[in-house]
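J.: Below: one structure in structure tokens.
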Amino acid sequence: MTGKAKVSLALFGLLIAIPTAHAIAGTQRVTIRTDDGISLAATWYEPGTRLAPAVVLVHMLHKNRRDWDAVASRLASEGIGALALDLRGHGESSGTLPEGEADYSVLVRDVTAARKYLASRGDVAPSRIGIAGASIGANLAVLEASADPAVVSVALLSPSTDYRGLRIDAAMKKYGARPALLIASDDDAYASRSVKELQKAAGGTREVLILNHAGHGTSMLGHDPDLARTLVDWFHRTLL
């Protein structure tokens, strides 16, 4: 083999090793500090573009950020950053989980801290932030978004008008005309009823999707193969 041929092959090897814009993005484990001193574990899914929109992903009670892996990877591979966090007392985060009749509103601080973390990143567009939440995570998403105009889109999997004292009917009205996607399964009676009630709260874009026998929260991602694609398409429409 000639020297020129060796150089050409080496250059070819370099070229095929360079990731394209649509390659699976890398991940980074990050630690986020809340305003009351809790250390939250989170994973940042790198979109590979500068000033990209980003989505905070909030899990269900007694679950963790890994439930969002498939959605987060798809978002990042299509140019939308994703930040999946463990709420306090869950996964690798510090702190304790409120139990019994405790006030679950303290968990809103975790979502607020995640949103502030995105604002601190130089590669995230500060005016194009979304939140997706499941079950209690859906209620936390609405409560955070209603108080934060920087959040311009939400996707709620199995929200409840009242989850253990976390009422969101008033927060949904305060959220106003910003886009909201409300998803529930027909075998989840309370969530199905809640999304229909929440659709009426205030104006703006309120899209409701009722799935067939898909379960509750992020478990619906395993029962409906199209749901992850639906979520990615939603944030494409409302953040890009």
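A note on labels: chains of the structure tokens are A, B, ... as shown, every chain counts residues from 1, and ligands are counted from 1 in their shown order.
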Need the shell around Leu40 (chain A): protein/DNA/RNA residues with any atom at most 6 Å away, counting only C-alpha atoms. Skip same-chain ones fewer than 3 positions apart. Format as an mmCIF file with C-alpha atoms, in the first residue's frame?

T.:
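Contents of around_29.cif, freshly written:
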data_model
loop_
_atom_site.group_PDB
_atom_site.id
_atom_site.type_symbol
_atom_site.label_atom_id
_atom_site.label_comp_id
_atom_site.auth_asym_id
_atom_site.auth_seq_id
_atom_site.Cartn_x
_atom_site.Cartn_y
_atom_site.Cartn_z
ATOM 1 C CA THR A 31 -25.788 17.317 40.310
ATOM 2 C CA ILE A 32 -28.286 20.111 40.928
ATOM 3 C CA SER A 93 -30.820 12.183 45.005
#

J.: Select from region 124-213 of chain A everything DSSP, run on the backbone, classes as alpha helix (DSSP H), then give the selection as a PDB file with N, CA and C atoms, in the first residue's frame.

T.:
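See states08.pdb below for the written result:
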ATOM      1  N   ILE A 136     -47.538  12.199  39.624  1.00  0.00           N
ATOM      2  CA  ILE A 136     -47.217  13.356  40.468  1.00  0.00           C
ATOM      3  C   ILE A 136     -46.279  14.308  39.725  1.00  0.00           C
ATOM      4  N   GLY A 137     -45.441  13.758  38.855  1.00  0.00           N
ATOM      5  CA  GLY A 137     -44.546  14.599  38.055  1.00  0.00           C
ATOM      6  C   GLY A 137     -45.304  15.533  37.134  1.00  0.00           C
ATOM      7  N   ALA A 138     -46.477  15.092  36.653  1.00  0.00           N
ATOM      8  CA  ALA A 138     -47.313  15.950  35.809  1.00  0.00           C
ATOM      9  C   ALA A 138     -47.840  17.128  36.618  1.00  0.00           C
ATOM     10  N   ASN A 139     -48.283  16.860  37.842  1.00  0.00           N
ATOM     11  CA  ASN A 139     -48.774  17.944  38.698  1.00  0.00           C
ATOM     12  C   ASN A 139     -47.661  18.911  39.064  1.00  0.00           C
ATOM     13  N   LEU A 140     -46.481  18.374  39.349  1.00  0.00           N
ATOM     14  CA  LEU A 140     -45.343  19.235  39.652  1.00  0.00           C
ATOM     15  C   LEU A 140     -44.979  20.099  38.451  1.00  0.00           C
ATOM     16  N   ALA A 141     -45.088  19.528  37.259  1.00  0.00           N
ATOM     17  CA  ALA A 141     -44.781  20.276  36.033  1.00  0.00           C
ATOM     18  C   ALA A 141     -45.702  21.477  35.883  1.00  0.00           C
ATOM     19  N   VAL A 142     -46.991  21.287  36.126  1.00  0.00           N
ATOM     20  CA  VAL A 142     -47.956  22.393  35.996  1.00  0.00           C
ATOM     21  C   VAL A 142     -47.703  23.461  37.053  1.00  0.00           C
ATOM     22  N   LEU A 143     -47.450  23.030  38.284  1.00  0.00           N
ATOM     23  CA  LEU A 143     -47.220  23.998  39.362  1.00  0.00           C
ATOM     24  C   LEU A 143     -45.981  24.844  39.092  1.00  0.00           C
ATOM     25  N   GLU A 144     -44.928  24.229  38.574  1.00  0.00           N
ATOM     26  CA  GLU A 144     -43.733  24.988  38.223  1.00  0.00           C
ATOM     27  C   GLU A 144     -43.991  25.908  37.030  1.00  0.00           C
ATOM     28  N   ALA A 145     -44.597  25.356  35.989  1.00  0.00           N
ATOM     29  CA  ALA A 145     -44.812  26.128  34.761  1.00  0.00           C
ATOM     30  C   ALA A 145     -45.735  27.316  34.992  1.00  0.00           C
ATOM     31  N   SER A 146     -46.723  27.165  35.855  1.00  0.00           N
ATOM     32  CA  SER A 146     -47.667  28.256  36.093  1.00  0.00           C
ATOM     33  C   SER A 146     -46.994  29.463  36.724  1.00  0.00           C
ATOM     34  N   ASP A 169     -55.861  22.653  39.242  1.00  0.00           N
ATOM     35  CA  ASP A 169     -56.857  23.316  38.400  1.00  0.00           C
ATOM     36  C   ASP A 169     -56.598  24.821  38.324  1.00  0.00           C
ATOM     37  N   ALA A 170     -56.309  25.449  39.459  1.00  0.00           N
ATOM     38  CA  ALA A 170     -56.004  26.890  39.447  1.00  0.00           C
ATOM     39  C   ALA A 170     -54.678  27.157  38.729  1.00  0.00           C
ATOM     40  N   ALA A 171     -53.696  26.286  38.940  1.00  0.00           N
ATOM     41  CA  ALA A 171     -52.390  26.464  38.281  1.00  0.00           C
ATOM     42  C   ALA A 171     -52.525  26.337  36.767  1.00  0.00           C
ATOM     43  N   MET A 172     -53.412  25.460  36.323  1.00  0.00           N
ATOM     44  CA  MET A 172     -53.610  25.294  34.888  1.00  0.00           C
ATOM     45  C   MET A 172     -54.212  26.559  34.282  1.00  0.00           C
ATOM     46  N   LYS A 173     -55.105  27.195  35.010  1.00  0.00           N
ATOM     47  CA  LYS A 173     -55.663  28.459  34.524  1.00  0.00           C
ATOM     48  C   LYS A 173     -54.591  29.540  34.479  1.00  0.00           C
ATOM     49  N   LYS A 174     -53.741  29.563  35.494  1.00  0.00           N
ATOM     50  CA  LYS A 174     -52.658  30.542  35.532  1.00  0.00           C
ATOM     51  C   LYS A 174     -51.649  30.301  34.413  1.00  0.00           C
ATOM     52  N   TYR A 175     -51.467  29.051  34.050  1.00  0.00           N
ATOM     53  CA  TYR A 175     -50.561  28.698  32.952  1.00  0.00           C
ATOM     54  C   TYR A 175     -50.998  29.383  31.660  1.00  0.00           C
ATOM     55  N   ALA A 189     -59.300   5.811  35.265  1.00  0.00           N
ATOM     56  CA  ALA A 189     -60.501   6.647  35.296  1.00  0.00           C
ATOM     57  C   ALA A 189     -60.244   8.056  35.809  1.00  0.00           C
ATOM     58  N   TYR A 190     -59.502   8.191  36.912  1.00  0.00           N
ATOM     59  CA  TYR A 190     -59.300   9.516  37.489  1.00  0.00           C
ATOM     60  C   TYR A 190     -58.464  10.400  36.570  1.00  0.00           C
ATOM     61  N   ALA A 191     -57.405   9.837  35.998  1.00  0.00           N
ATOM     62  CA  ALA A 191     -56.564  10.624  35.091  1.00  0.00           C
ATOM     63  C   ALA A 191     -57.333  11.018  33.840  1.00  0.00           C
ATOM     64  N   SER A 192     -58.138  10.106  33.305  1.00  0.00           N
ATOM     65  CA  SER A 192     -58.936  10.413  32.106  1.00  0.00           C
ATOM     66  C   SER A 192     -59.916  11.548  32.384  1.00  0.00           C
ATOM     67  N   ARG A 193     -60.556  11.476  33.538  1.00  0.00           N
ATOM     68  CA  ARG A 193     -61.495  12.539  33.908  1.00  0.00           C
ATOM     69  C   ARG A 193     -60.752  13.855  34.143  1.00  0.00           C
ATOM     70  N   SER A 194     -59.581  13.767  34.744  1.00  0.00           N
ATOM     71  CA  SER A 194     -58.802  14.966  35.044  1.00  0.00           C
ATOM     72  C   SER A 194     -58.362  15.696  33.779  1.00  0.00           C
ATOM     73  N   VAL A 195     -57.884  14.943  32.769  1.00  0.00           N
ATOM     74  CA  VAL A 195     -57.395  15.627  31.568  1.00  0.00           C
ATOM     75  C   VAL A 195     -58.536  16.358  30.861  1.00  0.00           C
ATOM     76  N   LYS A 196     -59.727  15.803  30.921  1.00  0.00           N
ATOM     77  CA  LYS A 196     -60.863  16.468  30.284  1.00  0.00           C
ATOM     78  C   LYS A 196     -61.244  17.737  31.039  1.00  0.00           C
ATOM     79  N   GLU A 197     -61.141  17.694  32.375  1.00  0.00           N
ATOM     80  CA  GLU A 197     -61.428  18.882  33.164  1.00  0.00           C
ATOM     81  C   GLU A 197     -60.347  19.948  32.964  1.00  0.00           C
ATOM     82  N   LEU A 198     -59.096  19.507  32.922  1.00  0.00           N
ATOM     83  CA  LEU A 198     -57.990  20.446  32.761  1.00  0.00           C
ATOM     84  C   LEU A 198     -57.968  21.066  31.370  1.00  0.00           C
ATOM     85  N   GLN A 199     -58.497  20.363  30.393  1.00  0.00           N
ATOM     86  CA  GLN A 199     -58.560  20.901  29.032  1.00  0.00           C
ATOM     87  C   GLN A 199     -59.394  22.178  28.992  1.00  0.00           C
TER      88      GLN A 199
END

J.: Need the shell around region 45-61 of chain A: protein/DNA/RNA residues with any atom at most 8 Å away, counting only C-alpha atoms. Skip same-chain ones fewer than 6 positions apart. Format as an MDAnalysis selection string?

T.: chainID A and resid 21 25:28 67:68 72:73 75:87 111 114:115 118 122:138 140:141 217:218 239:240

J.: Only N, CA and C atoms, please: the residues just picked out, written as a CSV table (one decimal), in the first residue's frame.

T.:
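Generated output (out_33.csv):
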chain,number,residue,atom,x,y,z
A,21,ALA,N,-25.5,15.3,12.8
A,21,ALA,CA,-26.5,16.0,13.7
A,21,ALA,C,-27.5,15.1,14.2
A,25,ALA,N,-27.1,11.4,20.8
A,25,ALA,CA,-26.4,12.3,21.6
A,25,ALA,C,-25.8,11.7,22.9
A,26,GLY,N,-24.7,12.2,23.4
A,26,GLY,CA,-24.1,11.7,24.6
A,26,GLY,C,-24.9,12.2,25.9
A,27,THR,N,-24.6,11.6,27.0
A,27,THR,CA,-25.2,12.0,28.2
A,27,THR,C,-24.2,12.4,29.3
A,28,GLN,N,-24.6,13.2,30.2
A,28,GLN,CA,-23.8,13.7,31.3
A,28,GLN,C,-24.5,13.6,32.6
A,67,ASP,N,-36.8,6.1,34.0
A,67,ASP,CA,-38.0,5.8,33.3
A,67,ASP,C,-38.2,6.6,32.0
A,68,TRP,N,-37.4,7.7,31.9
A,68,TRP,CA,-37.5,8.6,30.8
A,68,TRP,C,-36.4,8.4,29.7
A,72,ALA,N,-35.9,10.7,26.4
A,72,ALA,CA,-34.8,11.7,26.5
A,72,ALA,C,-33.8,11.5,25.4
A,73,SER,N,-33.5,10.2,25.1
A,73,SER,CA,-32.6,9.9,24.0
A,73,SER,C,-33.1,10.4,22.6
A,75,LEU,N,-35.4,12.8,22.1
A,75,LEU,CA,-35.4,14.2,22.1
A,75,LEU,C,-34.0,14.8,21.7
A,76,ALA,N,-33.0,14.3,22.4
A,76,ALA,CA,-31.6,14.8,22.2
A,76,ALA,C,-31.1,14.4,20.8
A,77,SER,N,-31.5,13.3,20.3
A,77,SER,CA,-31.0,12.9,18.9
A,77,SER,C,-31.7,13.7,17.8
A,78,GLU,N,-32.8,14.4,18.2
A,78,GLU,CA,-33.5,15.3,17.2
A,78,GLU,C,-33.4,16.7,17.6
A,79,GLY,N,-32.3,17.1,18.4
A,79,GLY,CA,-32.0,18.5,18.5
A,79,GLY,C,-32.6,19.2,19.7
A,80,ILE,N,-33.2,18.4,20.6
A,80,ILE,CA,-33.8,19.0,21.8
A,80,ILE,C,-33.2,18.4,23.1
A,81,GLY,N,-32.5,19.3,23.9
A,81,GLY,CA,-31.9,18.8,25.1
A,81,GLY,C,-32.9,18.2,26.1
A,82,ALA,N,-32.5,17.3,26.9
A,82,ALA,CA,-33.4,16.7,27.9
A,82,ALA,C,-32.7,16.6,29.2
A,83,LEU,N,-33.3,17.0,30.3
A,83,LEU,CA,-32.8,16.9,31.6
A,83,LEU,C,-33.7,16.0,32.4
A,84,ALA,N,-33.3,14.8,32.7
A,84,ALA,CA,-34.1,13.9,33.6
A,84,ALA,C,-33.6,13.9,35.0
A,85,LEU,N,-34.4,14.2,36.0
A,85,LEU,CA,-33.9,14.3,37.3
A,85,LEU,C,-34.5,13.3,38.2
A,86,ASP,N,-33.8,12.9,39.3
A,86,ASP,CA,-34.4,12.2,40.4
A,86,ASP,C,-34.9,13.2,41.4
A,87,LEU,N,-36.2,13.1,41.7
A,87,LEU,CA,-36.7,14.0,42.8
A,87,LEU,C,-36.1,13.6,44.1
A,111,VAL,N,-38.2,20.7,40.8
A,111,VAL,CA,-38.4,21.0,39.4
A,111,VAL,C,-37.9,22.5,39.1
A,114,ALA,N,-34.2,22.3,38.7
A,114,ALA,CA,-33.9,21.8,37.3
A,114,ALA,C,-34.0,22.8,36.3
A,115,ARG,N,-35.1,23.6,36.3
A,115,ARG,CA,-35.3,24.7,35.4
A,115,ARG,C,-34.2,25.7,35.4
A,118,LEU,N,-31.1,24.6,33.8
A,118,LEU,CA,-31.1,24.8,32.3
A,118,LEU,C,-30.8,26.2,32.0
A,122,GLY,N,-25.0,27.5,28.9
A,122,GLY,CA,-24.9,28.4,27.7
A,122,GLY,C,-25.3,27.8,26.4
A,123,ASP,N,-25.7,26.5,26.4
A,123,ASP,CA,-26.1,25.8,25.2
A,123,ASP,C,-27.6,25.6,25.1
A,124,VAL,N,-28.3,26.2,26.0
A,124,VAL,CA,-29.8,26.0,26.1
A,124,VAL,C,-30.4,27.4,25.8
A,125,ALA,N,-31.4,27.4,24.9
A,125,ALA,CA,-32.2,28.6,24.6
A,125,ALA,C,-33.1,28.9,25.7
A,126,PRO,N,-32.9,30.0,26.5
A,126,PRO,CA,-33.7,30.3,27.7
A,126,PRO,C,-35.1,30.5,27.5
A,127,SER,N,-35.5,30.8,26.2
A,127,SER,CA,-37.0,31.1,26.0
A,127,SER,C,-37.7,29.9,25.4
A,128,ARG,N,-37.0,28.7,25.3
A,128,ARG,CA,-37.6,27.6,24.7
A,128,ARG,C,-37.5,26.3,25.6
A,129,ILE,N,-38.1,26.4,26.8
A,129,ILE,CA,-38.0,25.4,27.8
A,129,ILE,C,-39.4,24.7,27.9
A,130,GLY,N,-39.4,23.4,28.0
A,130,GLY,CA,-40.6,22.6,28.2
A,130,GLY,C,-40.4,21.7,29.4
A,131,ILE,N,-41.5,21.2,29.9
A,131,ILE,CA,-41.5,20.2,31.0
A,131,ILE,C,-42.5,19.0,30.7
A,132,ALA,N,-42.0,17.8,30.8
A,132,ALA,CA,-42.9,16.6,30.7
A,132,ALA,C,-42.9,16.0,32.1
A,133,GLY,N,-44.1,15.6,32.6
A,133,GLY,CA,-44.1,14.9,33.9
A,133,GLY,C,-45.2,13.8,33.8
A,134,ALA,N,-45.0,12.8,34.7
A,134,ALA,CA,-45.9,11.7,34.8
A,134,ALA,C,-46.4,11.5,36.2
A,135,SER,N,-47.7,11.4,36.3
A,135,SER,CA,-48.4,11.2,37.5
A,135,SER,C,-48.1,12.4,38.5
A,136,ILE,N,-47.5,12.2,39.6
A,136,ILE,CA,-47.2,13.4,40.5
A,136,ILE,C,-46.3,14.3,39.7
A,137,GLY,N,-45.4,13.8,38.9
A,137,GLY,CA,-44.5,14.6,38.1
A,137,GLY,C,-45.3,15.5,37.1
A,138,ALA,N,-46.5,15.1,36.7
A,138,ALA,CA,-47.3,15.9,35.8
A,138,ALA,C,-47.8,17.1,36.6
A,140,LEU,N,-46.5,18.4,39.3
A,140,LEU,CA,-45.3,19.2,39.7
A,140,LEU,C,-45.0,20.1,38.5
A,141,ALA,N,-45.1,19.5,37.3
A,141,ALA,CA,-44.8,20.3,36.0
A,141,ALA,C,-45.7,21.5,35.9
A,217,GLY,N,-49.1,6.9,33.9
A,217,GLY,CA,-47.8,7.5,33.9
A,217,GLY,C,-46.8,7.0,32.9
A,218,THR,N,-45.6,6.9,33.3
A,218,THR,CA,-44.6,6.5,32.3
A,218,THR,C,-44.7,5.0,31.9
A,239,LEU,N,-41.6,23.9,20.7
A,239,LEU,CA,-40.4,24.5,21.2
A,239,LEU,C,-39.4,24.9,20.0
A,240,LEU,N,-39.5,24.3,18.9
A,240,LEU,CA,-38.6,24.6,17.8
A,240,LEU,C,-39.2,25.7,16.9

J.: Which residue, A:Lys116, A:Gly95, A:Arg33, A:Leu166, has the smallest gap to Ala150 (chain A) when you use only C-alpha atoms?

T.: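 Result for the nearest residue to Ala150 (chain A): A:Lys116.
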
J.: Between A:Thr34, A:Thr238, A:Ser94, A:Ser105, single out the one closest to Arg167 (chain A), counting only C-alpha atoms.

T.: A:Ser105

J.: Select, from A:Met220, A:Val208, A:Thr43, A:Ser153, the residue with the minimum atom-to-atom distance to Asp188 (chain A), counting only C-alpha atoms.

T.: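 That would be A:Met220, the residue with the smallest distance to Asp188 (chain A).
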
J.: Provide the CA of Tyr104 (chain A) to CA of Asn64 (chain A) distance in Å, to one decimal place.

T.: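 Distance reported for this atom pair: 16.4 Å.
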